[in-house]
>>> print(open('final.tsv').read())   # TSV, C-alpha atoms
chain	number	residue	atom	x	y	z
S	184	MET	CA	-26.52	35.15	-99.16
S	185	ILE	CA	-25.23	37.20	-96.22
S	186	ASN	CA	-27.37	37.06	-93.10
S	187	THR	CA	-29.37	40.28	-92.62
S	188	ASN	CA	-28.19	40.48	-89.00
S	189	LEU	CA	-24.66	41.05	-90.30
S	190	LYS	CA	-25.86	43.97	-92.43
S	191	VAL	CA	-27.65	45.52	-89.44
S	192	ALA	CA	-24.63	45.01	-87.18
S	193	SER	CA	-22.25	46.60	-89.67
S	194	SER	CA	-24.41	49.70	-89.97
S	195	TYR	CA	-24.41	50.51	-86.24
S	196	ASP	CA	-21.27	51.48	-84.31
S	197	PRO	CA	-21.96	51.92	-80.55
S	198	THR	CA	-18.61	53.68	-80.04
S	199	LYS	CA	-20.06	56.64	-81.95
S	200	GLN	CA	-22.56	57.06	-79.09
S	201	SER	CA	-19.83	58.09	-76.65
S	202	GLN	CA	-19.85	61.53	-75.07
S	203	SER	CA	-18.19	63.30	-72.15
S	204	GLN	CA	-19.62	64.79	-68.99
S	205	THR	CA	-18.07	66.55	-66.00
S	206	ILE	CA	-18.14	65.18	-62.48
S	207	GLU	CA	-20.23	68.17	-61.43
S	208	ALA	CA	-22.86	67.40	-64.10
S	209	LEU	CA	-22.82	63.69	-63.23
S	210	ASN	CA	-23.38	64.54	-59.55
S	211	THR	CA	-26.35	66.72	-60.45
S	212	ASP	CA	-27.87	63.91	-62.51
S	213	ILE	CA	-27.40	61.46	-59.63
S	214	LYS	CA	-29.07	63.88	-57.22
S	215	ASN	CA	-32.05	64.24	-59.59
S	216	ASN	CA	-32.30	60.49	-60.26
S	217	LYS	CA	-31.34	60.97	-63.89
S	218	ILE	CA	-28.57	58.46	-63.21
S	219	THR	CA	-29.84	55.32	-61.52
S	220	LEU	CA	-28.74	51.78	-60.80
S	221	PRO	CA	-30.27	48.47	-61.93
S	222	ILE	CA	-31.35	46.51	-58.87
S	223	TYR	CA	-28.99	43.62	-59.55
S	224	GLN	CA	-25.89	45.80	-59.21
S	225	ARG	CA	-23.96	45.16	-56.00
S	226	ASP	CA	-23.84	47.64	-53.14
S	227	LEU	CA	-20.99	50.06	-52.49
S	228	SER	CA	-17.79	48.09	-52.04
S	229	TRP	CA	-14.88	50.51	-52.29
S	230	THR	CA	-12.77	51.09	-49.20
S	231	LEU	CA	-11.86	54.63	-48.15
S	232	ASP	CA	-8.34	53.94	-49.43
S	233	LYS	CA	-9.78	53.26	-52.89
S	234	ALA	CA	-11.67	56.55	-52.73
S	235	VAL	CA	-8.45	58.39	-51.82
S	236	ALA	CA	-6.69	56.75	-54.77
S	237	LEU	CA	-9.43	57.92	-57.14
S	238	PHE	CA	-9.25	61.52	-55.90
S	239	ASN	CA	-5.47	61.57	-56.27
S	240	TYR	CA	-5.65	60.12	-59.77
S	241	GLN	CA	-8.26	62.63	-60.85
S	242	LEU	CA	-6.03	65.41	-59.54
S	243	PHE	CA	-2.61	64.16	-60.67
S	244	GLY	CA	-3.21	61.44	-63.27
S	245	LYS	CA	-1.70	61.92	-66.72
S	246	ALA	CA	-4.26	59.73	-68.48
S	247	PRO	CA	-8.07	59.78	-68.24
S	248	VAL	CA	-9.91	57.50	-65.85
S	249	SER	CA	-11.54	54.63	-67.75
S	250	PRO	CA	-14.98	55.32	-69.29
S	251	LEU	CA	-18.36	54.84	-67.63
S	252	SER	CA	-20.97	52.61	-69.29
S	253	PHE	CA	-24.72	53.30	-69.27
S	254	ASN	CA	-27.94	52.17	-70.82
S	255	ARG	CA	-30.18	55.08	-71.79
S	256	ILE	CA	-33.72	54.21	-70.74
S	257	SER	CA	-36.22	54.75	-73.54
S	258	VAL	CA	-39.34	53.13	-72.12
S	259	ALA	CA	-39.36	52.73	-68.33
S	260	GLU	CA	-41.74	49.78	-68.40
S	261	ASN	CA	-39.23	47.73	-70.40
S	262	THR	CA	-36.25	48.30	-68.15
S	263	VAL	CA	-34.90	46.44	-65.13
S	264	THR	CA	-36.08	47.78	-61.76
S	265	GLN	CA	-33.98	50.81	-60.84
S	266	VAL	CA	-32.71	51.93	-57.43
S	267	GLU	CA	-31.16	55.17	-56.22
S	268	LEU	CA	-27.37	55.13	-56.46
S	269	ILE	CA	-26.41	55.70	-52.82
S	270	ASN	CA	-29.26	54.59	-50.55
S	271	ARG	CA	-30.69	51.96	-52.96
S	272	ASN	CA	-34.30	53.08	-52.52
S	273	ILE	CA	-36.35	51.30	-55.18
S	274	ILE	CA	-37.66	53.73	-57.81
S	275	HIS	CA	-41.18	52.94	-58.97
S	276	LYS	CA	-41.36	52.44	-62.73
S	277	SER	CA	-43.71	55.39	-63.01
S	278	GLU	CA	-40.98	57.60	-61.52
S	279	VAL	CA	-38.15	56.39	-63.78
S	280	LYS	CA	-37.31	59.30	-66.02
S	281	GLU	CA	-37.29	58.64	-69.75
S	282	ALA	CA	-33.81	59.17	-71.26
S	283	SER	CA	-32.21	58.72	-67.82
S	284	LEU	CA	-29.02	56.68	-67.62
S	285	SER	CA	-28.83	53.30	-65.92
S	286	VAL	CA	-25.32	52.43	-64.71
S	287	ILE	CA	-23.77	49.33	-66.23
S	288	ASP	CA	-20.13	49.97	-65.28
S	289	GLY	CA	-18.71	52.72	-63.05
S	290	GLN	CA	-20.92	52.64	-59.96
S	291	GLN	CA	-18.05	52.86	-57.48
S	292	ARG	CA	-16.42	55.86	-59.18
S	293	LEU	CA	-19.72	57.68	-59.60
S	294	SER	CA	-20.75	57.11	-56.00
S	295	THR	CA	-17.33	58.12	-54.65
S	296	ASN	CA	-17.42	61.49	-56.42
S	297	TYR	CA	-21.04	62.06	-55.46
S	298	ARG	CA	-20.41	61.26	-51.79
S	299	ALA	CA	-17.69	63.92	-51.74
S	300	SER	CA	-20.12	66.48	-53.16
S	301	ILE	CA	-22.66	65.84	-50.39
S	302	ASP	CA	-20.01	65.75	-47.63
S	303	ASP	CA	-20.78	62.15	-46.71
S	304	PRO	CA	-19.86	61.66	-43.00
S	305	GLU	CA	-17.95	58.48	-43.88
S	306	PHE	CA	-15.58	60.67	-45.94
S	307	ALA	CA	-14.89	63.05	-43.02
S	308	ASN	CA	-11.27	61.89	-42.62
S	309	ILE	CA	-10.41	62.00	-46.32
S	310	VAL	CA	-8.51	65.25	-46.71
S	311	LEU	CA	-6.38	67.17	-49.15
S	312	ASP	CA	-3.16	67.67	-47.20
S	313	LEU	CA	-1.68	71.02	-48.30
S	314	ASN	CA	1.74	70.23	-46.80
S	315	LYS	CA	2.14	66.77	-48.33
S	316	GLY	CA	0.40	67.82	-51.55
S	317	LYS	CA	-2.02	64.91	-51.90
S	318	PHE	CA	-5.28	63.40	-50.68
S	319	ARG	CA	-4.87	61.27	-47.55
S	320	LEU	CA	-6.96	59.20	-45.17
S	321	LEU	CA	-6.52	60.33	-41.55
S	322	LYS	CA	-6.99	58.34	-38.36
S	323	ILE	CA	-8.07	61.46	-36.47
S	324	GLY	CA	-9.69	64.73	-37.51
S	325	PRO	CA	-8.05	67.24	-39.89
S	326	LYS	CA	-5.51	69.88	-38.89
S	327	LYS	CA	-5.45	73.47	-40.17
S	328	PHE	CA	-3.41	72.53	-43.26
S	329	GLN	CA	-5.83	69.77	-44.25
S	330	ILE	CA	-9.20	70.30	-45.92
S	331	PRO	CA	-11.81	67.50	-45.93
S	332	VAL	CA	-12.81	66.35	-49.40
S	333	GLY	CA	-16.46	67.03	-48.54
S	334	LYS	CA	-15.62	70.70	-47.99
S	335	LEU	CA	-13.29	71.04	-50.98
S	336	LEU	CA	-15.66	69.41	-53.49
S	337	ASN	CA	-19.00	70.28	-51.90
S	338	GLU	CA	-21.89	70.92	-54.26
S	339	ASP	CA	-22.28	74.32	-52.55
S	340	ASN	CA	-19.47	76.61	-53.74
S	341	SER	CA	-19.51	78.65	-50.55
S	342	VAL	CA	-18.60	75.69	-48.33
S	343	LEU	CA	-14.98	75.71	-49.55
S	344	SER	CA	-14.37	79.41	-48.92
S	345	ASN	CA	-16.17	79.38	-45.56
S	346	TYR	CA	-14.15	76.38	-44.35
S	347	ALA	CA	-10.84	77.72	-45.67
S	348	VAL	CA	-11.30	81.07	-43.93
S	349	GLY	CA	-13.13	79.93	-40.80
S	350	GLU	CA	-11.38	76.62	-39.98
S	351	MET	CA	-8.05	76.78	-41.82
S	352	ASP	CA	-7.43	80.49	-41.37
S	353	VAL	CA	-6.37	80.87	-45.00
S	354	LYS	CA	-5.49	84.53	-45.61
S	355	ASP	CA	-3.04	84.35	-48.50
S	356	PHE	CA	-4.70	85.16	-51.84
S	357	ASP	CA	-2.52	82.69	-53.77
S	358	ASP	CA	-3.39	79.86	-51.35
S	359	MET	CA	-7.11	80.51	-51.73
S	360	THR	CA	-6.74	80.74	-55.51
S	361	THR	CA	-4.95	77.39	-55.57
S	362	LEU	CA	-7.72	75.74	-53.56
S	363	ILE	CA	-10.35	77.17	-55.90
S	364	ASP	CA	-8.36	76.00	-58.94
S	365	ILE	CA	-8.11	72.48	-57.50
S	366	ARG	CA	-11.86	72.45	-56.90
S	367	LYS	CA	-12.51	73.65	-60.47
S	368	LYS	CA	-10.28	70.94	-61.91
S	369	MET	CA	-11.84	68.18	-59.79
S	370	THR	CA	-15.48	69.14	-60.37
S	371	GLY	CA	-14.80	69.92	-64.02
S	372	TYR	CA	-12.98	66.63	-64.62
S	373	SER	CA	-14.63	64.92	-67.59
S	374	TYR	CA	-15.47	61.26	-67.90
S	375	THR	CA	-16.11	59.55	-71.21
S	376	LEU	CA	-19.56	57.94	-71.25
S	377	HIS	CA	-20.32	54.86	-73.33
S	378	ILE	CA	-24.06	54.85	-73.84
S	379	ALA	CA	-26.29	52.12	-75.23
S	380	ASN	CA	-29.78	53.17	-76.25
S	381	GLY	CA	-32.92	51.43	-75.09
S	382	MET	CA	-31.53	47.99	-74.32
S	383	ASN	CA	-34.21	45.58	-73.23
S	384	GLU	CA	-33.94	43.75	-69.91
S	385	ALA	CA	-32.19	40.67	-71.31
S	386	GLU	CA	-29.63	42.80	-73.18
S	387	GLN	CA	-28.92	44.90	-70.07
S	388	ILE	CA	-28.34	41.82	-67.94
S	389	GLU	CA	-26.08	40.25	-70.57
S	390	TRP	CA	-23.95	43.42	-70.81
S	391	PHE	CA	-23.75	43.71	-67.02
S	392	GLU	CA	-22.68	40.07	-66.67
S	393	VAL	CA	-19.89	40.58	-69.22
S	394	LEU	CA	-18.56	43.69	-67.46
S	395	ASN	CA	-19.21	43.15	-63.77
S	396	ASN	CA	-20.43	39.90	-62.40
S	397	ALA	CA	-17.32	37.78	-61.94
S	398	GLY	CA	-16.90	36.47	-58.41
S	399	SER	CA	-19.87	38.05	-56.66
S	400	LYS	CA	-22.27	35.64	-54.98
S	401	VAL	CA	-24.68	38.40	-54.01
S	402	SER	CA	-24.66	39.82	-57.53
S	403	ALA	CA	-25.31	36.37	-58.94
S	404	LEU	CA	-28.27	35.94	-56.60
S	405	GLN	CA	-29.69	39.38	-57.35
S	406	MET	CA	-29.20	38.62	-61.04
S	407	GLN	CA	-31.36	35.54	-60.64
S	408	PHE	CA	-34.12	37.68	-59.09
S	409	ALA	CA	-33.89	40.15	-61.96
S	410	LYS	CA	-34.19	37.38	-64.52
S	411	LEU	CA	-37.27	36.06	-62.71
S	412	GLY	CA	-38.81	39.52	-62.71
S	413	SER	CA	-38.46	40.24	-58.99
S	414	THR	CA	-38.93	43.97	-58.43
S	415	SER	CA	-39.74	44.37	-54.74
S	416	TYR	CA	-36.80	42.87	-52.84
S	417	ASP	CA	-33.30	44.30	-52.82
S	418	ILE	CA	-31.00	41.79	-51.18
S	419	TYR	CA	-28.27	44.40	-50.75
S	420	SER	CA	-30.15	46.98	-48.66
S	421	SER	CA	-32.41	44.44	-46.94
S	422	TYR	CA	-29.88	41.74	-46.08
S	423	SER	CA	-26.27	42.09	-47.24
S	424	SER	CA	-25.70	45.60	-45.84
S	425	PRO	CA	-27.30	44.86	-42.43
S	426	PHE	CA	-25.19	41.67	-42.27
S	427	LYS	CA	-22.00	43.67	-42.77
S	428	ASP	CA	-23.12	46.38	-40.32
S	429	LYS	CA	-23.64	43.79	-37.59
S	430	ILE	CA	-20.15	42.39	-38.13
S	431	GLU	CA	-18.64	45.88	-38.03
S	432	ASN	CA	-20.51	46.78	-34.83
S	433	PHE	CA	-18.57	44.01	-33.08
S	434	ASP	CA	-15.26	45.22	-34.57
S	435	LEU	CA	-14.93	42.02	-36.54
S	436	ASN	CA	-14.88	43.65	-39.97
S	437	ASP	CA	-11.22	42.62	-40.46
S	438	LEU	CA	-12.62	39.12	-41.07
S	439	PHE	CA	-14.81	40.52	-43.79
S	440	SER	CA	-12.35	40.96	-46.67
S	441	PRO	CA	-11.48	40.88	-49.50
S	442	TYR	CA	-14.68	41.94	-51.22
S	443	THR	CA	-14.70	38.93	-53.56
S	444	THR	CA	-14.94	36.75	-50.44
S	445	ASN	CA	-17.06	38.90	-48.17
S	446	VAL	CA	-20.00	39.02	-50.60
S	447	SER	CA	-20.20	35.24	-50.22
S	448	TYR	CA	-20.59	35.24	-46.44
S	449	PRO	CA	-24.12	36.70	-46.25
S	450	VAL	CA	-25.40	34.24	-48.86
S	451	ALA	CA	-23.63	31.36	-47.09
S	452	LEU	CA	-25.49	32.11	-43.85
S	453	LEU	CA	-28.83	31.71	-45.65
S	454	ASN	CA	-28.20	27.97	-46.00
S	455	PRO	CA	-29.44	26.80	-42.55
S	456	GLU	CA	-32.70	28.78	-42.70
S	457	LEU	CA	-33.17	27.79	-46.34
S	458	GLU	CA	-32.75	24.15	-45.44
S	459	LYS	CA	-35.37	24.52	-42.70
S	460	LYS	CA	-37.70	26.33	-45.10
S	461	LEU	CA	-37.41	23.45	-47.55
S	462	ASN	CA	-38.27	21.03	-44.71
S	463	GLN	CA	-35.06	19.13	-45.25
S	464	SER	CA	-32.97	17.38	-42.64
S	465	HIS	CA	-29.43	18.69	-42.69
S	466	THR	CA	-27.13	17.50	-45.46
S	467	LEU	CA	-23.41	18.22	-45.60
S	468	ASN	CA	-23.54	20.45	-48.68
S	469	TYR	CA	-25.84	22.93	-46.92
S	470	ALA	CA	-23.13	24.06	-44.50
S	471	PRO	CA	-22.96	27.87	-44.04
S	472	MET	CA	-19.82	28.28	-46.11
S	473	PRO	CA	-19.19	30.24	-49.35
S	474	SER	CA	-18.51	27.15	-51.47
S	475	ASP	CA	-21.99	25.76	-50.68
S	476	THR	CA	-24.22	28.75	-51.44
S	477	LYS	CA	-27.56	27.92	-53.08
S	478	GLU	CA	-28.37	30.84	-55.39
S	479	ASN	CA	-30.65	28.80	-57.63
S	480	LYS	CA	-32.65	27.41	-54.70
S	481	LEU	CA	-33.00	30.85	-53.13
S	482	ALA	CA	-34.11	32.40	-56.40
S	483	GLN	CA	-36.94	29.88	-56.62
S	484	LEU	CA	-38.45	31.13	-53.35
S	485	SER	CA	-41.27	33.64	-53.37
S	486	THR	CA	-40.30	37.15	-52.29
S	487	ASP	CA	-42.06	36.64	-48.94
S	488	ASP	CA	-40.28	33.34	-48.30
S	489	LEU	CA	-36.91	34.81	-49.26
S	490	LYS	CA	-37.48	37.76	-46.94
S	491	GLU	CA	-38.39	35.37	-44.12
S	492	VAL	CA	-35.22	33.31	-44.66
S	493	ALA	CA	-33.08	36.47	-44.77
S	494	ASP	CA	-34.68	38.07	-41.70
S	495	LYS	CA	-34.30	34.88	-39.66
S	496	SER	CA	-30.67	34.57	-40.78
S	497	LEU	CA	-29.98	38.09	-39.48
S	498	GLU	CA	-31.59	37.11	-36.17
S	499	ASP	CA	-29.33	34.04	-36.03
S	500	LEU	CA	-26.34	36.29	-36.66
S	501	ASP	CA	-27.39	38.57	-33.79
S	502	LEU	CA	-27.70	35.58	-31.46
S	503	ALA	CA	-24.22	34.34	-32.37
S	504	LEU	CA	-22.52	37.73	-32.01
S	505	ASN	CA	-24.25	38.45	-28.70
S	506	PHE	CA	-23.27	35.00	-27.43
S	507	PHE	CA	-19.61	35.66	-28.23
S	508	GLU	CA	-19.74	38.97	-26.37
S	509	GLU	CA	-21.62	37.67	-23.33
S	510	HIS	CA	-19.15	34.81	-22.88
S	511	ASN	CA	-15.97	36.83	-23.62
S	512	LEU	CA	-15.25	34.89	-26.79
S	513	VAL	CA	-14.76	37.75	-29.25
S	514	GLN	CA	-10.97	37.42	-29.04
S	515	ASN	CA	-11.34	33.79	-30.16
S	516	ILE	CA	-13.21	34.72	-33.33
S	517	THR	CA	-10.37	34.77	-35.82
S	518	ARG	CA	-12.30	33.53	-38.86
S	519	MET	CA	-15.78	34.00	-40.29
S	520	ASP	CA	-16.28	30.22	-39.93
S	521	TYR	CA	-16.94	30.60	-36.20
S	522	ILE	CA	-19.60	33.24	-36.78
S	523	LEU	CA	-21.35	31.39	-39.60
S	524	ASP	CA	-21.33	28.02	-37.85
S	525	VAL	CA	-22.60	29.30	-34.49
S	526	ALA	CA	-25.28	31.37	-36.25
S	527	GLY	CA	-26.23	28.19	-38.11
S	528	TYR	CA	-26.41	26.38	-34.77
S	529	PHE	CA	-28.94	28.94	-33.50
S	530	ALA	CA	-30.94	28.50	-36.72
S	531	PHE	CA	-31.43	24.83	-35.93
S	532	LYS	CA	-31.60	24.96	-32.11
S	533	GLY	CA	-33.46	28.22	-31.50
S	534	PRO	CA	-32.58	31.20	-29.29
S	535	SER	CA	-33.00	29.54	-25.87
S	536	LEU	CA	-30.08	27.30	-24.96
S	537	SER	CA	-29.59	25.09	-21.93
S	538	GLN	CA	-26.53	25.56	-19.74
S	539	GLU	CA	-25.12	22.37	-21.22
S	540	GLN	CA	-25.55	23.71	-24.78
S	541	GLU	CA	-23.91	27.00	-23.82
S	542	MET	CA	-20.88	25.23	-22.37
S	543	MET	CA	-20.66	23.04	-25.47
S	544	ILE	CA	-20.51	26.09	-27.77
S	545	ILE	CA	-17.96	27.83	-25.54
S	546	ASN	CA	-15.68	24.80	-25.65
S	547	TRP	CA	-16.29	24.37	-29.38
S	548	VAL	CA	-15.20	27.96	-30.09
S	549	LYS	CA	-12.09	27.63	-27.90
S	550	ASN	CA	-11.00	24.25	-29.24
S	551	THR	CA	-12.02	24.24	-32.93
S	552	ASN	CA	-9.30	25.06	-35.44
S	553	PHE	CA	-10.24	25.84	-39.06
S	554	THR	CA	-6.70	26.49	-40.26
S	555	ASN	CA	-5.83	24.51	-43.42
S	556	LYS	CA	-9.09	22.59	-43.21
S	557	SER	CA	-10.56	21.35	-46.49
S	558	ASN	CA	-14.14	22.15	-47.44
S	559	SER	CA	-15.11	18.57	-46.63
S	560	ALA	CA	-13.60	18.87	-43.16
S	561	ARG	CA	-15.37	22.19	-42.55
S	562	ARG	CA	-18.70	20.62	-43.56
S	563	GLU	CA	-18.10	17.85	-41.05
S	564	ILE	CA	-17.25	20.39	-38.34
S	565	PHE	CA	-20.60	22.12	-38.81
S	566	SER	CA	-22.53	18.88	-39.02
S	567	ASN	CA	-20.97	17.64	-35.78
S	568	LEU	CA	-21.76	20.96	-34.08
S	569	ILE	CA	-25.49	20.83	-34.74
S	570	ASN	CA	-25.98	17.08	-34.27
>>> encode(input="final.tsv", output="structure tokens")
Amino acid sequence: MINTNLKVASSYDPTKQSQSQTIEALNTDIKNNKITLPIYQRDLSWTLDKAVALFNYQLFGKAPVSPLSFNRISVAENTVTQVELINRNIIHKSEVKEASLSVIDGQQRLSTNYRASIDDPEFANIVLDLNKGKFRLLKIGPKKFQIPVGKLLNEDNSVLSNYAVGEMDVKDFDDMTTLIDIRKKMTGYSYTLHIANGMNEAEQIEWFEVLNNAGSKVSALQMQFAKLGSTSYDIYSSYSSPFKDKIENFDLNDLFSPYTTNVSYPVALLNPELEKKLNQSHTLNYAPMPSDTKENKLAQLSTDDLKEVADKSLEDLDLALNFFEEHNLVQNITRMDYILDVAGYFAFKGPSLSQEQEMMIINWVKNTNFTNKSNSARREIFSNLIN
């Protein structure tokens, strides 16, 4: 006899649930929290160059952009904790709208189009260049023949005309008509939506893991929290994003790429404070390096303990970065290893160093070479530093 599950499966075709929606309508739903994000999704990762590529494809592409995937929430209490798409504010379950869409695949495209509609300051130098006939990323502000994407695609229709007349001095009727037509095409561009209905938490996580989770340490860790039912701590907004901001403030963000590697660095730095929290003496495989991250151990901590480990790790990072600046060592920091190891040193030794300790770190930074070092060698380097 045929298993009844096969009969049920054959009677339901999820591809028949697909529909289309314009970018303008998607933006409105994001603004009204009718499109939200499950907490385990990673933070925004696209570079400005990727955003420019998307805008150009949506304007010139001869094939549709790939579909977006959502889970339609039927009962808010049964869904994974949701956060707002851009700022990642946690949405209380009582405020999750029934029939709203939770993003499974397409976060970066959705957020890129939405950020243009709200004239996100980080998009200020993304322009449509009327002379070159394409979207570009500028190093300095726009000229009269260049219109910022946040003005062209702004949610307020009047922003385009006011900017074109007031800042670009557009007087030709055909030029203004072309700009309006471009805006209409871009905001009216339709995405295909693949929608699952009322998936429970386990089903949502399984689908997300299939589509998205390869290679992301932070996603893997947040996934662990979701599986354990954690609803009050967002490692992206509370730890990963501040980590990256601190690196960027010291103009060291070139060390923080590609994305598949940089998501590992914040989790790697948790190792020293985690080891202290577990009351362990240092062992080699707890070095602050991406290959040694301890997602399972971290996920077993209470929310309060995890927050403590993360907050102390950010303090350690501050101490390391400030030390490099105070002792004119920033030019020597050519790899993330220096930052992670010295931050790990502060985790074990505390913020107040003797003159002898300071000189030791200065010489260590100047004389340590990580090039072509194996993981085993890098573990030994850290162990020797703190012992």
>>> atom_distance(input="final.tsv", atom1="CA of Pro471 (chain S)", atom2="CA of Lys429 (chain S)")
17.2 Å
>>> atom_distance(input="final.tsv", atom1="CA of Phe318 (chain S)", atom2="CA of Gln291 (chain S)")
17.9 Å
>>> closest_residue(input="final.tsv", among="S:Ser203, S:Thr264, S:Asn239, S:Asn296", to="Gln387 (chain S)", atoms="only C-alpha atoms")
S:Thr264
>>> atom_distance(input="final.tsv", atom1="CA of Lys276 (chain S)", atom2="CA of Val263 (chain S)")
9.1 Å
>>> closest_residue(input="final.tsv", among="S:Asn505, S:Ser252, S:Asn270, S:Ser373", to="Gln290 (chain S)", atoms="all atoms listed in the file")
S:Ser252
>>> residues_near_point(input="final.tsv", point="(-20.4, 57.4, -43.4)", cutoff="12 Å", atoms="all atoms listed in the file", output="CSV table (one decimal) with C-alpha atoms, keeping the file's coordinate frame")
chain,number,residue,atom,x,y,z
S,227,LEU,CA,-21.0,50.1,-52.5
S,230,THR,CA,-12.8,51.1,-49.2
S,231,LEU,CA,-11.9,54.6,-48.2
S,269,ILE,CA,-26.4,55.7,-52.8
S,270,ASN,CA,-29.3,54.6,-50.6
S,295,THR,CA,-17.3,58.1,-54.6
S,298,ARG,CA,-20.4,61.3,-51.8
S,299,ALA,CA,-17.7,63.9,-51.7
S,301,ILE,CA,-22.7,65.8,-50.4
S,302,ASP,CA,-20.0,65.8,-47.6
S,303,ASP,CA,-20.8,62.2,-46.7
S,304,PRO,CA,-19.9,61.7,-43.0
S,305,GLU,CA,-18.0,58.5,-43.9
S,306,PHE,CA,-15.6,60.7,-45.9
S,307,ALA,CA,-14.9,63.0,-43.0
S,308,ASN,CA,-11.3,61.9,-42.6
S,309,ILE,CA,-10.4,62.0,-46.3
S,333,GLY,CA,-16.5,67.0,-48.5
S,428,ASP,CA,-23.1,46.4,-40.3
>>> closest_residue(input="final.tsv", among="S:Leu536, S:Ile569, S:Met542, S:Leu438", to="Asp524 (chain S)", atoms="all atoms listed in the file")
S:Ile569
>>> residues_around(input="final.tsv", residues="region 555-567 of chain S", least_positions_apart="6", cutoff="9 Å", atoms="only C-alpha atoms", output="ChimeraX atom specification")
/S:465-472,474,520,524-525,527-528
>>> residues_around(input="final.tsv", residues="Pro221 (chain S)", least_positions_apart="2", cutoff="7 Å", atoms="only C-alpha atoms", output="PyMOL selection string")
chain S and resi 219+223-224+263-266+285-286
>>> residues_around(input="final.tsv", residues="Leu452 (chain S)", least_positions_apart="2", cutoff="6 Å", atoms="only C-alpha atoms", output="JSON, numbers by chain")
{"S": [449, 450, 454, 471, 523]}
>>> closest_residue(input="final.tsv", among="S:Glu350, S:Ser249, S:Asp232, S:Ile430", to="Lys322 (chain S)", atoms="only C-alpha atoms")
S:Asp232
>>> closest_residue(input="final.tsv", among="S:Gly289, S:Pro331, S:Gly533, S:Pro455", to="Ser496 (chain S)", atoms="only C-alpha atoms")
S:Pro455
>>> residues_near_point(input="final.tsv", point="(-22.0, 67.1, -64.0)", cutoff="10 Å", atoms="all atoms listed in the file", output="PDB file with C-alpha atoms, keeping the file's coordinate frame")
ATOM      1  CA  SER S 203     -18.190  63.300 -72.150  1.00  0.00           C
ATOM      2  CA  GLN S 204     -19.620  64.790 -68.990  1.00  0.00           C
ATOM      3  CA  THR S 205     -18.070  66.550 -66.000  1.00  0.00           C
ATOM      4  CA  ILE S 206     -18.140  65.180 -62.480  1.00  0.00           C
ATOM      5  CA  GLU S 207     -20.230  68.170 -61.430  1.00  0.00           C
ATOM      6  CA  ALA S 208     -22.860  67.400 -64.100  1.00  0.00           C
ATOM      7  CA  LEU S 209     -22.820  63.690 -63.230  1.00  0.00           C
ATOM      8  CA  ASN S 210     -23.380  64.540 -59.550  1.00  0.00           C
ATOM      9  CA  THR S 211     -26.350  66.720 -60.450  1.00  0.00           C
ATOM     10  CA  ASP S 212     -27.870  63.910 -62.510  1.00  0.00           C
ATOM     11  CA  ILE S 213     -27.400  61.460 -59.630  1.00  0.00           C
ATOM     12  CA  TYR S 297     -21.040  62.060 -55.460  1.00  0.00           C
ATOM     13  CA  THR S 370     -15.480  69.140 -60.370  1.00  0.00           C
ATOM     14  CA  GLY S 371     -14.800  69.920 -64.020  1.00  0.00           C
ATOM     15  CA  TYR S 372     -12.980  66.630 -64.620  1.00  0.00           C
ATOM     16  CA  SER S 373     -14.630  64.920 -67.590  1.00  0.00           C
ATOM     17  CA  TYR S 374     -15.470  61.260 -67.900  1.00  0.00           C
TER      18      TYR S 374
END
>>> axis_aligned_box(input="final.tsv", around="region 204-220 of chain S", padding_each_side="4 Å", output="AutoDock Vina command-line options")
--center_x -25.2 --center_y 60.0 --center_z -63.1 --size_x 22.2 --size_y 24.4 --size_z 19.8
>>> residues_around(input="final.tsv", residues="Ile256 (chain S)", least_positions_apart="5", cutoff="10 Å", atoms="only C-alpha atoms", output="VMD selection string")
chain S and resid 217 261 to 263 279 to 285 379 to 383
>>> residues_around(input="final.tsv", residues="Lys459 (chain S)", least_positions_apart="6", cutoff="10 Å", atoms="only C-alpha atoms", output="VMD selection string")
chain S and resid 465 492 530 to 531
>>> closest_residue(input="final.tsv", among="S:Asp488, S:Glu386, S:Glu541, S:Asp355", to="Asn254 (chain S)", atoms="only C-alpha atoms")
S:Glu386
>>> build_atoms(input="final.tsv", residues="region 554-560 of chain S", atoms="N, CA and C atoms", output="short mmCIF file (atom, residue, chain, number, x, y, z; two decimals), keeping the file's coordinate frame")
data_model
loop_
_atom_site.label_atom_id
_atom_site.label_comp_id
_atom_site.auth_asym_id
_atom_site.auth_seq_id
_atom_site.Cartn_x
_atom_site.Cartn_y
_atom_site.Cartn_z
N THR S 554 -7.87 26.25 -39.43
CA THR S 554 -6.70 26.49 -40.26
C THR S 554 -6.37 25.27 -41.13
N ASN S 555 -6.21 25.55 -42.43
CA ASN S 555 -5.83 24.51 -43.42
C ASN S 555 -6.83 23.37 -43.51
N LYS S 556 -8.06 23.62 -43.10
CA LYS S 556 -9.09 22.59 -43.21
C LYS S 556 -9.70 22.62 -44.61
N SER S 557 -9.91 21.45 -45.18
CA SER S 557 -10.56 21.35 -46.49
C SER S 557 -12.04 21.68 -46.36
N ASN S 558 -12.70 21.90 -47.48
CA ASN S 558 -14.14 22.15 -47.44
C ASN S 558 -14.89 20.96 -46.85
N SER S 559 -14.45 19.77 -47.17
CA SER S 559 -15.11 18.57 -46.63
C SER S 559 -14.98 18.53 -45.11
N ALA S 560 -13.81 18.86 -44.61
CA ALA S 560 -13.60 18.87 -43.16
C ALA S 560 -14.45 19.95 -42.49
#
